[in-house]
2 protein chains.
Amino acid sequence: MSNMNRQIVLARLPQGKLAPEDFKLIDSAMPRAGEGEALVRTRYISLDAANRAWMQGATYRDALGAGTVMSGRAVGEVIESRHLNFRTGDLAFGDCGWQEYAAVPGQSLMKQSHVRPLSHLLSVYGVSGLTGYFGVLEVGRPKPGETFVISAAAGAVGSFAGQIANITGCRVVGIAGGDEKCRWLTEELGYDAAVNYKSGPISETLKAACPNGIDVYFDNVGGETFEAALAQMNLMGRIACCGVVSTYDAAAQPTHGPHGVPFLFVVKRLTMRGFIVSDFFAKRDEALAQLRSWVEEGQLKVIEDIVEGFENLPDALIGLLHGKNWGKRMVKIG
Amino acid sequence: MSNMNRQIVLARLPQGKLAPEDFKLIDSAMPRAGEGEALVRTRYISLDAANRAWMQGATYRDALGAGTVMSGRAVGEVIESRHLNFRTGDLAFGDCGWQEYAAVPGQSLMKQSHVRPLSHLLSVYGVSGLTGYFGVLEVGRPKPGETFVISAAAGAVGSFAGQIANITGCRVVGIAGGDEKCRWLTEELGYDAAVNYKSGPISETLKAACPNGIDVYFDNVGGETFEAALAQMNLMGRIACCGVVSTYDAAAQPTHGPHGVPFLFVVKRLTMRGFIVSDFFAKRDEALAQLRSWVEEGQLKVIEDIVEGFENLPDALIGLLHGKNWGKRMVKIG
């Protein structure tokens, strides 16, 4: 065991778009587990659009501040424990931050099963897979034959959510950036159609892809795409609000919202609900069992985008914010 | 029985704000009930902000066109019937239009109980009372102790919805135009607080009236008031979208929506749902029984604003669009 701990610090809050200079790699002393803590050796660090949102202010968690170790969810191995629930060799998930070793209060960690590959704990059996699962089945609640539209469809949550909607018997239309991704959505992930939002006005391309309107819209992006989808919603449609990635890395925040709110909600009797994965943790075991069964039967493909090397965390996150990832992006440590 | 039928025609679609010149009073021949129709003598004609929305285009019903009898819901007495479900002397509710006598397909009419006063069929036991009931109990779902905010609080739906929220044990904050109405809301209707949206920036006055934030917002108006309420919503808050009266009589429609959509929905995990009263008609009998019991026990005050005289329909509607009504406005015929 090394006696040094590499850490990446958020050197400053980003001015406009997130840049490599906003981070700094430092060497620190190896931490020890304090009373009630477990010492975790991080194995995979998850990259999420939410990482960027945390820099903007308080959300469902406190805002990030400059000068501290960058926050990030990770899965790792417990190498020392002073908490009753954990022992050496356990796998744990939690906000370990961008560092090779983290001393974390046991109550902030969730024990994980030993699965292979280990990376699945951050993808299909982690926040992404569960968010897709609950967002589709508990929030969007699509019925067979309905049109289900998902934005950031090739992303971590999107690639699971679209496939799950497909399993429920919907017509699935994915929105993504680039023709190559769109082809992949239909050919590899089984989506019924895909819309490249860079290929023309989204209000027109989306309408063309949804001749029967939209019954469920799973929103990961907000902005113009949200507005375009809202205009195409059918009577009694449902909108699941999962994230607003279009705004997280923007220099300025939008000064106003989408046209048609709240008017279209009355006329079409729409329901819209924002959620985060932990709202549904009471049903976590049931969800994990279902996801595992779909994966084992080959109905659900697990798309992972694994970047090697601790020092590549900043670039990997910046790339994700530019839509470079295919499926769940994470960094493999050591 | 006269052999003439006074009618008010929508002479033209309004240019900007609705004006008396948009209507024309004419005398027509007395109609007869055709096969499957009932001939109704209108007794009370309901005035609703929705009347104006119907002139803007298709909503949950077809748009109104110039040159036809103005649409309007009414309660009246069947004086001739060629429909199995109705006989002479029955009371009926339906879109009879702005006329003294209307021949209406029986399937478009709902039979009404004989209640006293008859006007209650258009207020507490009509669309307004039921909309308030379902909007609060089925859509907003407030819990005792929560803060419930309602806009157009002194209006037809608002005066019922606020009182019903009060009965469920909420802290009720009403938004209305004018100090006199606000005083009336707290002193007569039992609201805990009232905000005069004309007295200063609504974002500030509403915040001051809701020190613990807003758990349920019952929206009748849209626009700036909606935006101000959204910003004050608590975690897991609910928004019931009932109408958008701020836009119905506006010269131009808003080009964009409220700030914070969909971002705040994710951060605060809000649920928003648009509805119309007929979405809940399966529970209509239960609702009417509950409303009757509250009225008889004196827990629910029935506020009616009755204008006399058929020829006053246009002015009564224009006044309603300017917020002149207190409670449910209707015109008494004959």
# chains A, B, ... in the order shown; residues from 1 in each chain; ligands from 1

$ select_by_dssp --residues "region 87-272 of chain A" --states "alpha helix (DSSP H)" --output "PDB file with C-alpha atoms, in the first residue's frame"
ATOM      1  CA  VAL A 127     -27.338   5.229 -10.562  1.00  0.00           C
ATOM      2  CA  SER A 128     -27.639   5.155 -14.372  1.00  0.00           C
ATOM      3  CA  GLY A 129     -29.452   1.867 -14.686  1.00  0.00           C
ATOM      4  CA  LEU A 130     -31.701   2.522 -11.706  1.00  0.00           C
ATOM      5  CA  THR A 131     -32.494   6.052 -12.871  1.00  0.00           C
ATOM      6  CA  GLY A 132     -33.512   4.712 -16.253  1.00  0.00           C
ATOM      7  CA  TYR A 133     -35.554   1.958 -14.641  1.00  0.00           C
ATOM      8  CA  PHE A 134     -37.475   4.153 -12.185  1.00  0.00           C
ATOM      9  CA  ALA A 156     -25.662   6.684 -19.551  1.00  0.00           C
ATOM     10  CA  VAL A 157     -29.262   7.004 -18.376  1.00  0.00           C
ATOM     11  CA  GLY A 158     -30.650   7.326 -21.883  1.00  0.00           C
ATOM     12  CA  SER A 159     -29.187   4.105 -23.202  1.00  0.00           C
ATOM     13  CA  PHE A 160     -30.840   2.172 -20.384  1.00  0.00           C
ATOM     14  CA  ALA A 161     -34.116   4.100 -20.322  1.00  0.00           C
ATOM     15  CA  GLY A 162     -34.696   3.740 -24.052  1.00  0.00           C
ATOM     16  CA  GLN A 163     -34.035   0.012 -23.966  1.00  0.00           C
ATOM     17  CA  ILE A 164     -36.340  -0.420 -20.960  1.00  0.00           C
ATOM     18  CA  ALA A 165     -39.119   1.489 -22.732  1.00  0.00           C
ATOM     19  CA  ASN A 166     -38.526  -0.809 -25.680  1.00  0.00           C
ATOM     20  CA  ILE A 167     -38.952  -3.851 -23.431  1.00  0.00           C
ATOM     21  CA  ASP A 179     -25.696  10.639 -37.329  1.00  0.00           C
ATOM     22  CA  GLU A 180     -23.310   7.974 -36.120  1.00  0.00           C
ATOM     23  CA  LYS A 181     -24.889   7.859 -32.666  1.00  0.00           C
ATOM     24  CA  CYS A 182     -28.351   7.849 -34.194  1.00  0.00           C
ATOM     25  CA  ARG A 183     -27.509   4.902 -36.415  1.00  0.00           C
ATOM     26  CA  TRP A 184     -26.140   3.072 -33.391  1.00  0.00           C
ATOM     27  CA  LEU A 185     -29.344   3.709 -31.428  1.00  0.00           C
ATOM     28  CA  THR A 186     -31.504   2.061 -34.051  1.00  0.00           C
ATOM     29  CA  GLU A 187     -29.107  -0.667 -35.182  1.00  0.00           C
ATOM     30  CA  ILE A 202     -35.439  19.961 -33.534  1.00  0.00           C
ATOM     31  CA  SER A 203     -39.069  21.088 -33.580  1.00  0.00           C
ATOM     32  CA  GLU A 204     -39.330  19.828 -37.162  1.00  0.00           C
ATOM     33  CA  THR A 205     -37.134  16.737 -37.055  1.00  0.00           C
ATOM     34  CA  LEU A 206     -38.789  15.498 -33.868  1.00  0.00           C
ATOM     35  CA  LYS A 207     -42.255  16.050 -35.278  1.00  0.00           C
ATOM     36  CA  ALA A 208     -41.356  14.065 -38.378  1.00  0.00           C
ATOM     37  CA  ALA A 209     -40.092  11.177 -36.246  1.00  0.00           C
ATOM     38  CA  GLY A 223     -33.859  23.799 -23.351  1.00  0.00           C
ATOM     39  CA  GLU A 224     -34.997  23.739 -26.978  1.00  0.00           C
ATOM     40  CA  THR A 225     -35.388  19.991 -27.046  1.00  0.00           C
ATOM     41  CA  PHE A 226     -37.773  20.117 -24.101  1.00  0.00           C
ATOM     42  CA  GLU A 227     -39.772  22.857 -25.801  1.00  0.00           C
ATOM     43  CA  ALA A 228     -39.982  20.887 -29.041  1.00  0.00           C
ATOM     44  CA  ALA A 229     -41.136  17.747 -27.250  1.00  0.00           C
ATOM     45  CA  LEU A 230     -43.713  19.640 -25.175  1.00  0.00           C
ATOM     46  CA  ALA A 231     -45.333  20.964 -28.350  1.00  0.00           C
ATOM     47  CA  VAL A 245     -27.688  18.864 -19.223  1.00  0.00           C
ATOM     48  CA  SER A 246     -28.121  21.688 -21.759  1.00  0.00           C
ATOM     49  CA  THR A 247     -27.689  24.218 -18.961  1.00  0.00           C
ATOM     50  CA  TYR A 248     -25.037  22.648 -16.756  1.00  0.00           C
ATOM     51  CA  PHE A 263     -51.019  26.522 -21.037  1.00  0.00           C
ATOM     52  CA  LEU A 264     -50.368  23.220 -22.795  1.00  0.00           C
ATOM     53  CA  PHE A 265     -50.561  21.393 -19.475  1.00  0.00           C
ATOM     54  CA  VAL A 266     -54.187  22.417 -19.094  1.00  0.00           C
ATOM     55  CA  VAL A 267     -55.197  21.909 -22.717  1.00  0.00           C
ATOM     56  CA  LYS A 268     -53.577  18.469 -22.952  1.00  0.00           C
TER      57      LYS A 268
END

$ interface_residues --of "chain A" --to "chain B" --cutoff "8 Å" --atoms "only C-alpha atoms" --output "number ranges by chain"
A: 59-60, 222, 241-244, 254-263, 265-276

$ write_last_selection --atoms "C-alpha atoms" --output "mmCIF file, in the first residue's frame"
data_model
loop_
_atom_site.group_PDB
_atom_site.id
_atom_site.type_symbol
_atom_site.label_atom_id
_atom_site.label_comp_id
_atom_site.auth_asym_id
_atom_site.auth_seq_id
_atom_site.Cartn_x
_atom_site.Cartn_y
_atom_site.Cartn_z
ATOM 1 C CA THR A 59 -29.263 21.304 -5.884
ATOM 2 C CA TYR A 60 -30.393 18.181 -4.086
ATOM 3 C CA GLY A 222 -34.148 20.790 -21.035
ATOM 4 C CA CYS A 241 -37.657 15.321 -15.776
ATOM 5 C CA CYS A 242 -34.359 13.646 -15.064
ATOM 6 C CA GLY A 243 -31.781 16.313 -15.789
ATOM 7 C CA VAL A 244 -31.062 19.514 -17.655
ATOM 8 C CA PRO A 254 -31.531 30.609 -19.564
ATOM 9 C CA THR A 255 -33.565 33.646 -18.597
ATOM 10 C CA HIS A 256 -36.868 32.034 -19.368
ATOM 11 C CA GLY A 257 -38.527 28.685 -19.785
ATOM 12 C CA PRO A 258 -40.210 26.778 -22.572
ATOM 13 C CA HIS A 259 -43.131 28.204 -24.464
ATOM 14 C CA GLY A 260 -46.484 26.641 -23.595
ATOM 15 C CA VAL A 261 -46.016 26.301 -19.822
ATOM 16 C CA PRO A 262 -48.494 26.071 -18.191
ATOM 17 C CA PHE A 263 -51.019 26.522 -21.037
ATOM 18 C CA PHE A 265 -50.561 21.393 -19.475
ATOM 19 C CA VAL A 266 -54.187 22.417 -19.094
ATOM 20 C CA VAL A 267 -55.197 21.909 -22.717
ATOM 21 C CA LYS A 268 -53.577 18.469 -22.952
ATOM 22 C CA ARG A 269 -53.844 17.523 -19.286
ATOM 23 C CA LEU A 270 -50.160 16.680 -19.069
ATOM 24 C CA THR A 271 -48.313 15.450 -16.020
ATOM 25 C CA MET A 272 -44.680 16.377 -15.441
ATOM 26 C CA ARG A 273 -42.558 15.087 -12.619
ATOM 27 C CA GLY A 274 -38.962 15.678 -11.642
ATOM 28 C CA PHE A 275 -37.188 12.902 -9.804
ATOM 29 C CA ILE A 276 -33.877 11.603 -8.605
#

$ atom_distance --atom1 "CA of Ile306 (chain A)" --atom2 "CA of Trp54 (chain A)"
22.4 Å

$ select_by_dssp --residues "region 124-328 of chain A" --states "strand (DSSP E or B)" --output "ChimeraX atom specification"
/A:147-150,155,171-176,193-196,214-219,233-241,257,271-274,304-308,327-328

$ residues_around --residues "Leu317 (chain B)" --least-positions-apart "5" --cutoff "8 Å" --atoms "only C-alpha atoms" --output "mmCIF file with C-alpha atoms, in the first residue's frame"
data_model
loop_
_atom_site.group_PDB
_atom_site.id
_atom_site.type_symbol
_atom_site.label_atom_id
_atom_site.label_comp_id
_atom_site.auth_asym_id
_atom_site.auth_seq_id
_atom_site.Cartn_x
_atom_site.Cartn_y
_atom_site.Cartn_z
ATOM 1 C CA LEU B 47 -69.604 33.017 -17.261
ATOM 2 C CA ASP B 48 -66.149 31.539 -17.315
ATOM 3 C CA ALA B 49 -62.686 32.663 -18.306
#

$ closest_residue --among "B:Cys96, B:Leu300, B:Val139, B:Leu109" --to "Gly190 (chain B)" --atoms "only C-alpha atoms"
B:Leu300

$ atom_distance --atom1 "CA of Pro14 (chain B)" --atom2 "CA of Glu100 (chain B)"
23.5 Å

$ residues_around --residues "Pro105 (chain B)" --least-positions-apart "3" --cutoff "12 Å" --atoms "only C-alpha atoms" --output "PyMOL selection string"
chain B and resi 32-40+78+81-86+92-96+102+108-110

$ atom_distance --atom1 "CA of Tyr44 (chain A)" --atom2 "CA of Thr88 (chain A)"
17.8 Å
